[in-house]
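Notes follow the structure.
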Amino acid sequence: MRYPYDDNDMIYDYSRHMYVLTENGVLNHTGIHINTEIVTLGRDATTTVKRVLRKISEQIYRYIYGLSGNPSFVEYLLACYAPCRALIKDCLTDQTEYVIENGFLTDFSGINAAKATAVKIERGDAVSLLVRDRLSEPLPNGYVLSYCGAVNAVFPYRDGY
């Protein structure tokens with residue numbers, strides 16, 4: 001199989017170099033109808049669902065890259081290393097549940113409309129503990145995505161992903 005690839009649960013955004021869960025992916029892995037969650041907030045689900053799922057992906061990818069001593073290599077692993085695809089799907093699923101269960105869907109704008117206040121979420125606090133635990137487990141190649149040191153690696157940077 002050629003990586004990265006799209007399926008019913010997750011697509012690869014080539015312009016942003018990251019996987020993004022689909023609405024079906026959220027439903028299949030959590031049982032949550034994310035469009036219903038968004039509609040109950042009084043928003044248009046058609047455009048908002050994709051935007052929220054993209055922002056959840058950005059949140060996870062930024063967290064991972066912020067820890068890495070070699071973000072280019074980590075980007076390559078996340079896109080092209082098979083075990084990372086399963087891991088990132090689990091992380092995105094867990095983070096989506098975390099965002100919904102904790103009422104963070106409204107915080108993606110940076111404003112809590114109900115309180116008319118700015119929202120300040122620290123980078124680490126914005127990522128669930130379960131996601132952080134998953135990212136600290138070693139991959140089959142021995143690499144740990146939450147490793148903060150430098151890694152010297154030769155790889156085909158952005159060649160086909």
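Labeling convention for the structure tokens: chains A, B, ... as they appear, residues from 1 per chain, ligands from 1 in order of appearance.
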Which residues, written as an MDAnalysis selection string, have at least one atom at most 8 Å from segment 15-17 of chain A, with only C-alpha atoms counted and residues fewer than 4 positions away on the same chain left out?
-> chainID A and resid 75 79 161
Store the residues of this selection in a file with C-alpha atoms, as a PDB file, in the first residue's frame.
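Everything below was put into part-v3.pdb:
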ATOM      1  CA  GLU A  75       6.125  14.720   9.272  1.00  0.00           C
ATOM      2  CA  ALA A  79       2.576  10.522   6.400  1.00  0.00           C
ATOM      3  CA  TYR A 161       3.226  13.357   0.406  1.00  0.00           C
TER       4      TYR A 161
END
Excluding Ile32 of chain A and any residue of its chain fewer than 3 positions from it, enumerate the residues within 12 Å of it, using only C-alpha atoms, and give them as a PDB file with N, CA and C atoms, in the first residue's frame.
ATOM      1  N   GLU A  23     -16.143  12.863   8.958  1.00  0.00           N
ATOM      2  CA  GLU A  23     -17.346  12.756   9.782  1.00  0.00           C
ATOM      3  C   GLU A  23     -17.677  11.280  10.025  1.00  0.00           C
ATOM      4  N   ASN A  24     -17.531  10.447   8.974  1.00  0.00           N
ATOM      5  CA  ASN A  24     -17.743   9.001   9.116  1.00  0.00           C
ATOM      6  C   ASN A  24     -16.758   8.377  10.089  1.00  0.00           C
ATOM      7  N   GLY A  25     -15.521   8.831  10.052  1.00  0.00           N
ATOM      8  CA  GLY A  25     -14.498   8.318  10.957  1.00  0.00           C
ATOM      9  C   GLY A  25     -14.855   8.572  12.407  1.00  0.00           C
ATOM     10  N   VAL A  26     -15.359   9.766  12.681  1.00  0.00           N
ATOM     11  CA  VAL A  26     -15.775  10.091  14.056  1.00  0.00           C
ATOM     12  C   VAL A  26     -16.917   9.160  14.469  1.00  0.00           C
ATOM     13  N   LEU A  27     -17.896   9.012  13.607  1.00  0.00           N
ATOM     14  CA  LEU A  27     -19.051   8.163  13.910  1.00  0.00           C
ATOM     15  C   LEU A  27     -18.633   6.697  14.077  1.00  0.00           C
ATOM     16  N   ASN A  28     -17.804   6.188  13.164  1.00  0.00           N
ATOM     17  CA  ASN A  28     -17.381   4.778  13.216  1.00  0.00           C
ATOM     18  C   ASN A  28     -16.581   4.434  14.459  1.00  0.00           C
ATOM     19  N   HIS A  29     -15.782   5.364  14.951  1.00  0.00           N
ATOM     20  CA  HIS A  29     -14.869   5.048  16.059  1.00  0.00           C
ATOM     21  C   HIS A  29     -15.315   5.581  17.413  1.00  0.00           C
ATOM     22  N   ASN A  35     -21.874  16.191  13.521  1.00  0.00           N
ATOM     23  CA  ASN A  35     -22.718  17.232  12.929  1.00  0.00           C
ATOM     24  C   ASN A  35     -23.856  17.607  13.879  1.00  0.00           C
ATOM     25  N   THR A  36     -24.411  16.626  14.595  1.00  0.00           N
ATOM     26  CA  THR A  36     -25.465  16.900  15.576  1.00  0.00           C
ATOM     27  C   THR A  36     -24.917  17.748  16.718  1.00  0.00           C
ATOM     28  N   GLU A  37     -23.708  17.444  17.164  1.00  0.00           N
ATOM     29  CA  GLU A  37     -23.080  18.219  18.244  1.00  0.00           C
ATOM     30  C   GLU A  37     -22.919  19.678  17.820  1.00  0.00           C
ATOM     31  N   ILE A  38     -22.552  19.893  16.580  1.00  0.00           N
ATOM     32  CA  ILE A  38     -22.324  21.250  16.080  1.00  0.00           C
ATOM     33  C   ILE A  38     -23.645  21.987  15.872  1.00  0.00           C
ATOM     34  N   THR A  93      -9.090  10.487  16.938  1.00  0.00           N
ATOM     35  CA  THR A  93     -10.360  10.016  17.494  1.00  0.00           C
ATOM     36  C   THR A  93     -10.459  10.390  18.968  1.00  0.00           C
ATOM     37  N   ASP A  94      -9.401  10.096  19.723  1.00  0.00           N
ATOM     38  CA  ASP A  94      -9.396  10.430  21.156  1.00  0.00           C
ATOM     39  C   ASP A  94      -9.536  11.931  21.377  1.00  0.00           C
ATOM     40  N   THR A  96     -10.876  14.149  19.364  1.00  0.00           N
ATOM     41  CA  THR A  96     -12.220  14.598  18.992  1.00  0.00           C
ATOM     42  C   THR A  96     -13.198  14.331  20.137  1.00  0.00           C
ATOM     43  N   GLU A  97     -13.113  13.147  20.727  1.00  0.00           N
ATOM     44  CA  GLU A  97     -13.961  12.845  21.896  1.00  0.00           C
ATOM     45  C   GLU A  97     -13.677  13.820  23.030  1.00  0.00           C
ATOM     46  N   TYR A  98     -12.406  14.094  23.269  1.00  0.00           N
ATOM     47  CA  TYR A  98     -11.992  15.007  24.337  1.00  0.00           C
ATOM     48  C   TYR A  98     -12.564  16.414  24.112  1.00  0.00           C
ATOM     49  N   VAL A  99     -12.477  16.876  22.883  1.00  0.00           N
ATOM     50  CA  VAL A  99     -12.975  18.208  22.534  1.00  0.00           C
ATOM     51  C   VAL A  99     -14.492  18.280  22.741  1.00  0.00           C
ATOM     52  N   ILE A 100     -15.204  17.258  22.292  1.00  0.00           N
ATOM     53  CA  ILE A 100     -16.663  17.252  22.416  1.00  0.00           C
ATOM     54  C   ILE A 100     -17.086  17.107  23.879  1.00  0.00           C
ATOM     55  N   GLU A 101     -16.497  16.153  24.581  1.00  0.00           N
ATOM     56  CA  GLU A 101     -16.889  15.881  25.962  1.00  0.00           C
ATOM     57  C   GLU A 101     -16.590  17.040  26.907  1.00  0.00           C
TER      58      GLU A 101
END
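Computed from the coordinates, the atom CA of Leu92 of chain A to atom CA of Val154 of chain A distance equals 27.5 Å.
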Taking the chain letters and numbering used in this document, name the residues of segment 18-111 of chain A that DSSP puts in strand (DSSP E or B), as an NGL selection string.
-> :A and (18-21 or 111)
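Among the candidates A:Tyr65, A:Tyr143, A:Tyr19, A:Tyr12, the one nearest to Asp90 of chain A when counting only C-alpha atoms is A:Tyr19.
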What does the distance from atom CA of Ala126 of chain A to atom CA of Gly42 of chain A come to in Å, to one decimal?
-> 23.2 Å
Mind checking which residues fall within 12 Å of Asn141 of chain A, counting only C-alpha atoms, ignoring those fewer than 2 positions away in the same chain, and posting them as a ChimeraX atom specification?
-> /A:77,81-84,137-139,143-145
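Closest approach to Met18 of chain A among A:Ser136, A:Asn70, A:Gln59, A:Ser128 is made by A:Gln59 (distances from only C-alpha atoms).
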Residue list (alpha helix (DSSP H), DSSP) for chain A, as a PDB file with C-alpha atoms, in the first residue's frame:
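Dumped everything to part.pdb:
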ATOM      1  CA  GLU A  23     -17.346  12.756   9.782  1.00  0.00           C
ATOM      2  CA  ASN A  24     -17.743   9.001   9.116  1.00  0.00           C
ATOM      3  CA  GLY A  25     -14.498   8.318  10.957  1.00  0.00           C
ATOM      4  CA  VAL A  26     -15.775  10.091  14.056  1.00  0.00           C
ATOM      5  CA  LEU A  27     -19.051   8.163  13.910  1.00  0.00           C
ATOM      6  CA  ASN A  28     -17.381   4.778  13.216  1.00  0.00           C
ATOM      7  CA  HIS A  29     -14.869   5.048  16.059  1.00  0.00           C
ATOM      8  CA  THR A  30     -16.762   7.019  18.718  1.00  0.00           C
ATOM      9  CA  ILE A  34     -20.350  15.354  15.235  1.00  0.00           C
ATOM     10  CA  ASN A  35     -22.718  17.232  12.929  1.00  0.00           C
ATOM     11  CA  THR A  36     -25.465  16.900  15.576  1.00  0.00           C
ATOM     12  CA  GLU A  37     -23.080  18.219  18.244  1.00  0.00           C
ATOM     13  CA  ILE A  38     -22.324  21.250  16.080  1.00  0.00           C
ATOM     14  CA  VAL A  39     -25.960  21.913  15.128  1.00  0.00           C
ATOM     15  CA  ALA A  45     -22.893  21.709  10.247  1.00  0.00           C
ATOM     16  CA  THR A  46     -21.975  21.491   6.558  1.00  0.00           C
ATOM     17  CA  THR A  47     -18.992  23.828   6.724  1.00  0.00           C
ATOM     18  CA  THR A  48     -18.256  23.715  10.435  1.00  0.00           C
ATOM     19  CA  VAL A  49     -17.686  19.942  10.720  1.00  0.00           C
ATOM     20  CA  LYS A  50     -14.803  19.974   8.229  1.00  0.00           C
ATOM     21  CA  ARG A  51     -13.309  23.085   9.826  1.00  0.00           C
ATOM     22  CA  VAL A  52     -13.495  21.631  13.355  1.00  0.00           C
ATOM     23  CA  LEU A  53     -11.983  18.310  12.273  1.00  0.00           C
ATOM     24  CA  ARG A  54      -9.166  20.151  10.459  1.00  0.00           C
ATOM     25  CA  LYS A  55      -8.483  22.247  13.567  1.00  0.00           C
ATOM     26  CA  ILE A  56      -8.379  19.132  15.743  1.00  0.00           C
ATOM     27  CA  SER A  57      -5.769  17.688  13.368  1.00  0.00           C
ATOM     28  CA  GLU A  58      -3.786  20.931  13.458  1.00  0.00           C
ATOM     29  CA  GLN A  59      -3.925  20.853  17.243  1.00  0.00           C
ATOM     30  CA  ILE A  60      -2.456  17.333  17.394  1.00  0.00           C
ATOM     31  CA  TYR A  61       0.145  17.887  14.675  1.00  0.00           C
ATOM     32  CA  ARG A  62       1.322  21.164  16.237  1.00  0.00           C
ATOM     33  CA  TYR A  63       1.625  19.436  19.595  1.00  0.00           C
ATOM     34  CA  ILE A  64       3.715  16.627  18.076  1.00  0.00           C
ATOM     35  CA  TYR A  65       5.924  18.999  16.066  1.00  0.00           C
ATOM     36  CA  GLY A  66       6.395  21.233  19.103  1.00  0.00           C
ATOM     37  CA  LEU A  67       7.991  18.316  20.947  1.00  0.00           C
ATOM     38  CA  PRO A  71       9.768  17.973  12.707  1.00  0.00           C
ATOM     39  CA  SER A  72      10.532  17.176   9.048  1.00  0.00           C
ATOM     40  CA  PHE A  73      11.344  13.570   9.934  1.00  0.00           C
ATOM     41  CA  VAL A  74       8.233  13.320  12.132  1.00  0.00           C
ATOM     42  CA  GLU A  75       6.125  14.720   9.272  1.00  0.00           C
ATOM     43  CA  TYR A  76       7.546  12.007   7.031  1.00  0.00           C
ATOM     44  CA  LEU A  77       6.796   9.271   9.597  1.00  0.00           C
ATOM     45  CA  LEU A  78       3.239  10.490  10.146  1.00  0.00           C
ATOM     46  CA  ALA A  79       2.576  10.522   6.400  1.00  0.00           C
ATOM     47  CA  CYS A  80       4.434   7.451   5.177  1.00  0.00           C
ATOM     48  CA  ALA A  82       2.195   2.516   8.275  1.00  0.00           C
ATOM     49  CA  PRO A  83       2.120   2.226  12.102  1.00  0.00           C
ATOM     50  CA  CYS A  84       1.864   6.022  12.362  1.00  0.00           C
ATOM     51  CA  ARG A  85      -1.336   6.074  10.328  1.00  0.00           C
ATOM     52  CA  ALA A  86      -3.082   3.845  12.871  1.00  0.00           C
ATOM     53  CA  LEU A  87      -1.597   5.853  15.732  1.00  0.00           C
ATOM     54  CA  ILE A  88      -2.650   9.224  14.328  1.00  0.00           C
ATOM     55  CA  LYS A  89      -6.168   7.891  13.692  1.00  0.00           C
ATOM     56  CA  ASP A  90      -6.387   6.826  17.359  1.00  0.00           C
ATOM     57  CA  CYS A  91      -5.017  10.195  18.498  1.00  0.00           C
ATOM     58  CA  LEU A  92      -7.439  12.164  16.319  1.00  0.00           C
ATOM     59  CA  THR A  93     -10.360  10.016  17.494  1.00  0.00           C
ATOM     60  CA  ASP A  94      -9.396  10.430  21.156  1.00  0.00           C
ATOM     61  CA  GLN A  95      -8.866  14.173  20.733  1.00  0.00           C
ATOM     62  CA  THR A  96     -12.220  14.598  18.992  1.00  0.00           C
ATOM     63  CA  GLU A  97     -13.961  12.845  21.896  1.00  0.00           C
ATOM     64  CA  TYR A  98     -11.992  15.007  24.337  1.00  0.00           C
ATOM     65  CA  VAL A  99     -12.975  18.208  22.534  1.00  0.00           C
ATOM     66  CA  ILE A 100     -16.663  17.252  22.416  1.00  0.00           C
ATOM     67  CA  GLU A 101     -16.889  15.881  25.962  1.00  0.00           C
ATOM     68  CA  LEU A 129      -3.851  12.876  28.441  1.00  0.00           C
ATOM     69  CA  LEU A 130      -4.746   9.770  26.447  1.00  0.00           C
ATOM     70  CA  VAL A 131      -3.278  11.319  23.286  1.00  0.00           C
ATOM     71  CA  ARG A 132      -0.120  12.327  25.163  1.00  0.00           C
ATOM     72  CA  ASP A 133       0.198   8.752  26.485  1.00  0.00           C
ATOM     73  CA  ARG A 134      -0.222   7.297  22.994  1.00  0.00           C
ATOM     74  CA  LEU A 135       2.462   9.615  21.616  1.00  0.00           C
TER      75      LEU A 135
END
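Of the listed residues (A:Thr22, A:Leu41, A:Tyr157, A:Ser68), A:Leu41 comes nearest to Gly103 of chain A; the distances count only C-alpha atoms.
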